[in-house]
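Notes follow the structure.
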Protein chains: 2
Amino acid sequence: MPRDGRPARLRLQQAAIDLYERHGFDQVTIAEIAARAGVTERTFYRHFADKREVLFDGETGLRDILVAAIAEAPATLEPLPTLLRSFRAAVPLLEGNRRLSEPLRRIVAVTPALRERQQAKTAGIIEALATALRDRGVSAPTAALAAQIGMAAFSHAAAAWWADPGQDFGMLLGDSFEDLSTLTAPLAAAPESGARLS
Amino acid sequence: MPRDGRPARLRLQQAAIDLYERHGFDQVTIAEIAARAGVTERTFYRHFADKREVLFDGETGLRDILVAAIAEAPATLEPLPTLLRSFRAAVPLLEGNRRLSEPLRRIVAVTPALRERQQAKTAGIIEALATALRDRGVSAPTAALAAQIGMAAFSHAAAAWWADPGQDFGMLLGDSFEDLSTLTAPLAAAPESGARLS
DNA sequence: AGACGTAGTGACAGAGACTGTCACTACCAC
DNA sequence: GTGGTAGTGACAGTCTCTGTCACTACGTCT
């Protein structure tokens with residue numbers, strides 16, 4: 001029985017963000033969040049697994065877009081170009097959520113427990129990317145490695161984008177993947193054994 | 001006042017590993033661990049920040065070796081070759097700890113809360129690698145990207161090493177870094193803008 | 001209209017993680 | 001033997017998270 005028009009879930013998220021930002025994650029209790037949302041503590045746990053999860057609801061949307069884009073890519077495309085393509089498909093989502101993401105980023109940045117959860121979320125996306133690549137016939141180890149590298153390049157581009165709102169994310173992504181090539185170029189100098197990718 | 005020869009800290013670690021492995025992380029209470037180590041619950045928290053931390057004591061050793069090796073590398077060496085060099089310096093440590101690490105890996109693998117903590121530890125090492133690269137004059141964004149890629153290659157090699165105990169870790173590392181080159185090679189096909197690394 | 005299923009919620013009890021604080025003991029340096 | 005330091009016990013307390021039962025709102029079917 002919602003006390004106002006918005007569903008309880010949304011009210012809880014908004015209350016949590018407000019309180020976390022104002023007093024710090026550690027100083028806020030679930031009881032306070034629930035009271036502000038007009039529900040009981042128990043109801044909070046019906047919507048979110050724990051105190052951190054309330055901030056990471058949007059991550060699944062990004063993951064789903066990326067996985068779908070990988071599945072739709074031309075079958076002959078190599079792993080990293082496939083990932084670059086999928087990241088480009090997610091740009092509109094990120095640009096649309098930018099305003100909402102700003103306060104979240106601030107809160108997460110200063111709270112170790114939340115950074116830990118965010119890293120876990122990123123690891124989950126990497127795992128999903130690897131699975132999507134395996135479905136295209138890429139071997140498991142190569143898919144895992146490519147997914148990690150691709151996500152690293154994506155984060156690299158995202159960092160630049162957050163730092164300078166004026167830049168075009170799509171172009172930053174292209175630059176990031178070029179940086180991968182630049183970084184790995186010196187490795188060719190000292191080969192040690194035969195190639196082995198599959 | 002230790003009840004036996006070994007310091008309480010070691011007894012707590014051993015008790016935690018034993019109980020976590022036997023009954024599962026979630027089913028074990030701090031009181032049980034403390035009782036088995038012959039101390040009180042309060043003493044557990046004097047040695048370890050929380051219930052998970054007791055399993056991740058060795059990670060700092062790996063980090064310190066890697067950072068030291070980076071600092072000692074020739075100043076002209078590129079970022080990724082520098083990282084490869086530092087990972088090679090850590091091989092003896094990993095080979096020496098292999099027997100102890102096996103049960104830890106089993107426990108962590110099946111417990112989401114512990115995997116989360118392990119990801120945080122890995123992120124901490126990546127951060128330390130990036131800092132060490134910056135100290136050599138590598139720009140902050142490039143250092144962060146290189147550290148992530150390097151750690152991905154390291155994990156790639158470690159996964160193969162854990163899967164097949166017979167392999168030489170040093171050679172697997174070389175193969176992993178070659179795989180980086182192989183993966184990024186197709187990116188050169190569609191350049192979009194000028195190079196920008198610093 | 002009335003029976004029924006389902007989703008969302010309140011209320012209560014409880015286990016267990018983690019913290020703050022004070023007092024005590026062992027040990028080392030001087 | 002005096003004082004400092006590290007390690008510990010004991011106790012109280014807060015807060016997170018879970019299990020359970022009952023209740024309401026709402027749509028569906030008959």
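By order in the structure tokens, chains are A, B, ...; within a chain, residues start at 1; ligands start at 1, following the order shown.
Backbone DSSP over region 32-65 of chain B yields alpha helix (DSSP H) at Glu32, Ile33, Ala34, Ala35, Arg36, Ala37, Glu41, Arg42, Thr43, Phe44, Tyr45, Arg46, His47, Glu59, Thr60, Gly61, Leu62, Arg63, Asp64 and Ile65 of chain B.
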Taking N, CA and C atoms for each residue, export the selection above as a PDB file, in the first residue's frame.
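Final output, saved to again_2.pdb:
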ATOM      1  N   GLU B  32      32.579 -19.283  16.481  1.00  0.00           N
ATOM      2  CA  GLU B  32      33.116 -20.629  16.278  1.00  0.00           C
ATOM      3  C   GLU B  32      34.602 -20.583  15.923  1.00  0.00           C
ATOM      4  N   ILE B  33      34.938 -19.655  15.033  1.00  0.00           N
ATOM      5  CA  ILE B  33      36.351 -19.520  14.640  1.00  0.00           C
ATOM      6  C   ILE B  33      37.202 -19.171  15.856  1.00  0.00           C
ATOM      7  N   ALA B  34      36.724 -18.207  16.619  1.00  0.00           N
ATOM      8  CA  ALA B  34      37.477 -17.754  17.789  1.00  0.00           C
ATOM      9  C   ALA B  34      37.645 -18.888  18.797  1.00  0.00           C
ATOM     10  N   ALA B  35      36.560 -19.609  19.041  1.00  0.00           N
ATOM     11  CA  ALA B  35      36.616 -20.703  20.015  1.00  0.00           C
ATOM     12  C   ALA B  35      37.643 -21.740  19.584  1.00  0.00           C
ATOM     13  N   ARG B  36      37.652 -22.047  18.288  1.00  0.00           N
ATOM     14  CA  ARG B  36      38.580 -23.056  17.797  1.00  0.00           C
ATOM     15  C   ARG B  36      40.030 -22.587  17.913  1.00  0.00           C
ATOM     16  N   ALA B  37      40.214 -21.274  17.834  1.00  0.00           N
ATOM     17  CA  ALA B  37      41.573 -20.722  17.955  1.00  0.00           C
ATOM     18  C   ALA B  37      41.935 -20.451  19.407  1.00  0.00           C
ATOM     19  N   GLU B  41      35.800 -13.770  20.515  1.00  0.00           N
ATOM     20  CA  GLU B  41      35.323 -13.131  19.297  1.00  0.00           C
ATOM     21  C   GLU B  41      35.984 -11.760  19.099  1.00  0.00           C
ATOM     22  N   ARG B  42      36.098 -11.038  20.216  1.00  0.00           N
ATOM     23  CA  ARG B  42      36.667  -9.689  20.127  1.00  0.00           C
ATOM     24  C   ARG B  42      38.084  -9.712  19.572  1.00  0.00           C
ATOM     25  N   THR B  43      38.834 -10.719  19.936  1.00  0.00           N
ATOM     26  CA  THR B  43      40.222 -10.804  19.482  1.00  0.00           C
ATOM     27  C   THR B  43      40.302 -11.035  17.976  1.00  0.00           C
ATOM     28  N   PHE B  44      39.334 -11.766  17.450  1.00  0.00           N
ATOM     29  CA  PHE B  44      39.302 -11.947  15.995  1.00  0.00           C
ATOM     30  C   PHE B  44      39.335 -10.591  15.296  1.00  0.00           C
ATOM     31  N   TYR B  45      38.501  -9.677  15.794  1.00  0.00           N
ATOM     32  CA  TYR B  45      38.390  -8.363  15.142  1.00  0.00           C
ATOM     33  C   TYR B  45      39.585  -7.462  15.417  1.00  0.00           C
ATOM     34  N   ARG B  46      40.429  -7.864  16.340  1.00  0.00           N
ATOM     35  CA  ARG B  46      41.655  -7.094  16.538  1.00  0.00           C
ATOM     36  C   ARG B  46      42.675  -7.468  15.464  1.00  0.00           C
ATOM     37  N   HIS B  47      42.545  -8.646  14.905  1.00  0.00           N
ATOM     38  CA  HIS B  47      43.511  -9.092  13.896  1.00  0.00           C
ATOM     39  C   HIS B  47      43.003  -8.896  12.469  1.00  0.00           C
ATOM     40  N   GLU B  59      47.833 -11.291   0.011  1.00  0.00           N
ATOM     41  CA  GLU B  59      47.779 -10.471  -1.201  1.00  0.00           C
ATOM     42  C   GLU B  59      48.783  -9.318  -1.180  1.00  0.00           C
ATOM     43  N   THR B  60      49.029  -8.767  -0.002  1.00  0.00           N
ATOM     44  CA  THR B  60      49.952  -7.635   0.052  1.00  0.00           C
ATOM     45  C   THR B  60      51.359  -8.047  -0.363  1.00  0.00           C
ATOM     46  N   GLY B  61      51.729  -9.287  -0.069  1.00  0.00           N
ATOM     47  CA  GLY B  61      53.053  -9.760  -0.449  1.00  0.00           C
ATOM     48  C   GLY B  61      53.238  -9.724  -1.950  1.00  0.00           C
ATOM     49  N   LEU B  62      52.235 -10.215  -2.677  1.00  0.00           N
ATOM     50  CA  LEU B  62      52.307 -10.193  -4.137  1.00  0.00           C
ATOM     51  C   LEU B  62      52.415  -8.754  -4.646  1.00  0.00           C
ATOM     52  N   ARG B  63      51.587  -7.897  -4.084  1.00  0.00           N
ATOM     53  CA  ARG B  63      51.594  -6.502  -4.533  1.00  0.00           C
ATOM     54  C   ARG B  63      52.963  -5.858  -4.328  1.00  0.00           C
ATOM     55  N   ASP B  64      53.547  -6.091  -3.169  1.00  0.00           N
ATOM     56  CA  ASP B  64      54.825  -5.451  -2.883  1.00  0.00           C
ATOM     57  C   ASP B  64      55.917  -5.919  -3.846  1.00  0.00           C
ATOM     58  N   ILE B  65      55.924  -7.207  -4.145  1.00  0.00           N
ATOM     59  CA  ILE B  65      56.923  -7.727  -5.081  1.00  0.00           C
ATOM     60  C   ILE B  65      56.763  -7.085  -6.455  1.00  0.00           C
TER      61      ILE B  65
END
Name all residues at most 10 Å from DC30 (chain C) (count only C-alpha atoms (C1' of nucleotides); drop same-chain ones fewer than 2 positions away) and give them as a PyMOL selection string. (chain C and resi 28) or (chain D and resi 2-3)
Tell me, counting only C-alpha atoms (C1' of nucleotides), for each residue of chain C within 10 Å of chain A, which pair of atoms is nearest and how far apart they are in Å to one decimal, in rows ordered by chain and increasing number, as JSON lines.
{"residue": "C:DG8", "atom": "C1'", "partner": "A:Met1", "partner_atom": "CA", "distance": 6.8}
{"residue": "C:DT9", "atom": "C1'", "partner": "A:Met1", "partner_atom": "CA", "distance": 6.4}
{"residue": "C:DG10", "atom": "C1'", "partner": "A:Thr40", "partner_atom": "CA", "distance": 7.2}
{"residue": "C:DA11", "atom": "C1'", "partner": "A:Thr40", "partner_atom": "CA", "distance": 9.3}
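If we count only C-alpha atoms (C1' of nucleotides), these residues of chain D sit within 9 Å of chain B: DG7, DT8 and DG9 of chain D.
For the pair CA of Ser101 (chain A) and CA of Thr131 (chain A), the interatomic distance is 26.9 Å.
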Write out as JSON lines the residues of chain A that have any atom within 6 Å of an atom of chain B, one row each with the nearest atom pair and its distance in Å to one decimal, counting only C-alpha atoms, sorted by chain and then rising number.
{"residue": "A:Glu116", "atom": "CA", "partner": "B:Ala120", "partner_atom": "CA", "distance": 5.4}
{"residue": "A:Ala120", "atom": "CA", "partner": "B:Glu116", "partner_atom": "CA", "distance": 5.4}
{"residue": "A:Ile149", "atom": "CA", "partner": "B:Ile149", "partner_atom": "CA", "distance": 5.6}
{"residue": "A:Ser181", "atom": "CA", "partner": "B:Thr184", "partner_atom": "CA", "distance": 5.6}
{"residue": "A:Thr184", "atom": "CA", "partner": "B:Ser181", "partner_atom": "CA", "distance": 5.6}
DA17 (chain C) surroundings by only C-alpha atoms (C1' of nucleotides), 9 Å radius, close-in-sequence under 2 positions cut, as a list in words: Thr29, Ile30, Asp50 and Lys51 of chain B; DC15 and DT16 of chain D
Next, the residues of the selection above should be written as a PDB file, in the first residue's frame with C-alpha atoms (C1' of nucleotides).
ATOM      1  CA  THR B  29      30.219 -17.779  12.892  1.00  0.00           C
ATOM      2  CA  ILE B  30      33.064 -15.672  14.203  1.00  0.00           C
ATOM      3  CA  ASP B  50      35.953  -8.508   9.044  1.00  0.00           C
ATOM      4  CA  LYS B  51      34.885 -12.079   8.424  1.00  0.00           C
TER       5      LYS B  51
ATOM      6  C1'  DC D  15      22.896  -2.501  13.259  1.00  0.00           C
ATOM      7  C1'  DT D  16      22.362  -5.713   9.270  1.00  0.00           C
TER       8       DT D  16
END
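Each of D:DC17, D:DA12, D:DC29, D:DA6 was checked against DG2 (chain C) using only C-alpha atoms (C1' of nucleotides); the smallest atom-to-atom distance is that of D:DC29.
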Using only C-alpha atoms (C1' of nucleotides), determine which residues lie at most 12 Å from Leu55 (chain B), disregarding the query and same-chain residues fewer than 2 positions distant; provide the list as an MDAnalysis selection string. chainID B and resid 9:10 12:21 25 47:53 57:59 100:101 103:108 113:115 117:118 121
Could you dump the residues just selected with C-alpha atoms as a CSV table (one decimal), in the first residue's frame?
chain,number,residue,atom,x,y,z
B,9,ARG,CA,46.6,-14.6,14.3
B,10,LEU,CA,47.9,-17.8,12.6
B,12,LEU,CA,42.6,-17.8,13.7
B,13,GLN,CA,43.5,-18.0,10.0
B,14,GLN,CA,43.9,-21.8,10.1
B,15,ALA,CA,40.6,-22.2,12.1
B,16,ALA,CA,38.8,-20.0,9.6
B,17,ILE,CA,40.0,-21.9,6.6
B,18,ASP,CA,39.2,-25.3,8.2
B,19,LEU,CA,35.7,-24.2,9.2
B,20,TYR,CA,34.9,-22.3,6.0
B,21,GLU,CA,35.9,-25.3,3.9
B,25,PHE,CA,31.5,-19.5,4.7
B,47,HIS,CA,43.5,-9.1,13.9
B,48,PHE,CA,41.1,-8.9,10.9
B,49,ALA,CA,38.8,-6.2,9.8
B,50,ASP,CA,36.0,-8.5,9.0
B,51,LYS,CA,34.9,-12.1,8.4
B,52,ARG,CA,36.3,-12.1,4.9
B,53,GLU,CA,39.6,-10.5,5.4
B,57,ASP,CA,46.3,-11.9,4.1
B,58,GLY,CA,48.9,-12.9,1.5
B,59,GLU,CA,47.8,-10.5,-1.2
B,100,LEU,CA,48.5,-23.2,0.6
B,101,SER,CA,46.5,-21.4,-2.1
B,103,PRO,CA,42.0,-24.7,-0.4
B,104,LEU,CA,41.6,-20.9,-0.5
B,105,ARG,CA,40.7,-20.9,-4.1
B,106,ARG,CA,38.1,-23.6,-3.6
B,107,ILE,CA,36.4,-21.7,-0.8
B,108,VAL,CA,36.5,-18.4,-2.6
B,113,ALA,CA,30.9,-12.6,-0.8
B,114,LEU,CA,34.4,-13.8,-1.0
B,115,ARG,CA,34.7,-13.5,-4.7
B,117,ARG,CA,36.4,-9.3,-1.8
B,118,GLN,CA,38.9,-11.0,-4.0
B,121,LYS,CA,42.0,-7.1,-3.7
Taking 4 positions as the minimum chain separation for residues in the same chain, which residues sit within 12 Å of Ala69 (chain B) when counting only C-alpha atoms (C1' of nucleotides)? Answer as a CSV table (one decimal) with N, CA and C atoms, in the first residue's frame.
chain,number,residue,atom,x,y,z
B,62,LEU,N,52.2,-10.2,-2.7
B,62,LEU,CA,52.3,-10.2,-4.1
B,62,LEU,C,52.4,-8.8,-4.6
B,63,ARG,N,51.6,-7.9,-4.1
B,63,ARG,CA,51.6,-6.5,-4.5
B,63,ARG,C,53.0,-5.9,-4.3
B,64,ASP,N,53.5,-6.1,-3.2
B,64,ASP,CA,54.8,-5.5,-2.9
B,64,ASP,C,55.9,-5.9,-3.8
B,65,ILE,N,55.9,-7.2,-4.1
B,65,ILE,CA,56.9,-7.7,-5.1
B,65,ILE,C,56.8,-7.1,-6.5
B,73,ALA,N,62.9,-1.8,-12.9
B,73,ALA,CA,63.0,-2.1,-14.3
B,73,ALA,C,63.8,-0.9,-15.0
B,74,PRO,N,64.4,-1.2,-16.1
B,74,PRO,CA,65.1,-0.2,-16.9
B,74,PRO,C,64.2,1.0,-17.2
B,75,ALA,N,64.6,2.2,-17.1
B,75,ALA,CA,63.7,3.3,-17.3
B,75,ALA,C,63.1,3.4,-18.7
B,81,PRO,N,55.9,-4.4,-21.3
B,81,PRO,CA,57.1,-5.2,-21.0
B,81,PRO,C,57.5,-5.1,-19.6
B,82,THR,N,57.4,-3.9,-19.0
B,82,THR,CA,57.7,-3.7,-17.6
B,82,THR,C,56.9,-4.6,-16.7
B,83,LEU,N,55.6,-4.6,-17.0
B,83,LEU,CA,54.7,-5.4,-16.2
B,83,LEU,C,55.0,-6.9,-16.3
B,84,LEU,N,55.3,-7.3,-17.6
B,84,LEU,CA,55.6,-8.7,-17.8
B,84,LEU,C,56.8,-9.1,-17.0
B,85,ARG,N,57.8,-8.2,-16.9
B,85,ARG,CA,59.0,-8.4,-16.1
B,85,ARG,C,58.7,-8.6,-14.7
B,86,SER,N,57.8,-7.7,-14.2
B,86,SER,CA,57.4,-7.7,-12.7
B,86,SER,C,56.6,-9.0,-12.4
B,87,PHE,N,55.8,-9.5,-13.3
B,87,PHE,CA,55.0,-10.7,-13.0
B,87,PHE,C,56.0,-11.9,-13.0
B,88,ARG,N,57.0,-11.9,-13.8
B,88,ARG,CA,58.0,-12.9,-13.7
B,88,ARG,C,58.7,-13.0,-12.4
B,89,ALA,N,58.9,-11.8,-11.8
B,89,ALA,CA,59.6,-11.7,-10.5
B,89,ALA,C,58.7,-12.3,-9.4
B,90,ALA,N,57.4,-12.4,-9.7
B,90,ALA,CA,56.5,-12.9,-8.6
B,90,ALA,C,56.3,-14.4,-8.7
B,91,VAL,N,56.8,-15.0,-9.8
B,91,VAL,CA,56.6,-16.5,-10.0
B,91,VAL,C,57.0,-17.3,-8.8
B,129,LEU,N,49.9,-1.1,-9.3
B,129,LEU,CA,50.7,-1.2,-10.5
B,129,LEU,C,50.6,0.1,-11.3
B,132,ALA,N,52.8,2.6,-9.6
B,132,ALA,CA,54.2,2.4,-9.9
B,132,ALA,C,54.6,2.8,-11.3
B,133,LEU,N,53.7,2.6,-12.3
B,133,LEU,CA,54.0,3.0,-13.6
B,133,LEU,C,54.1,4.6,-13.7
Between C:DC27, C:DA1, C:DT6, C:DA13, which is the closest to DT18 (chain D) once you count only C-alpha atoms (C1' of nucleotides)? C:DA13
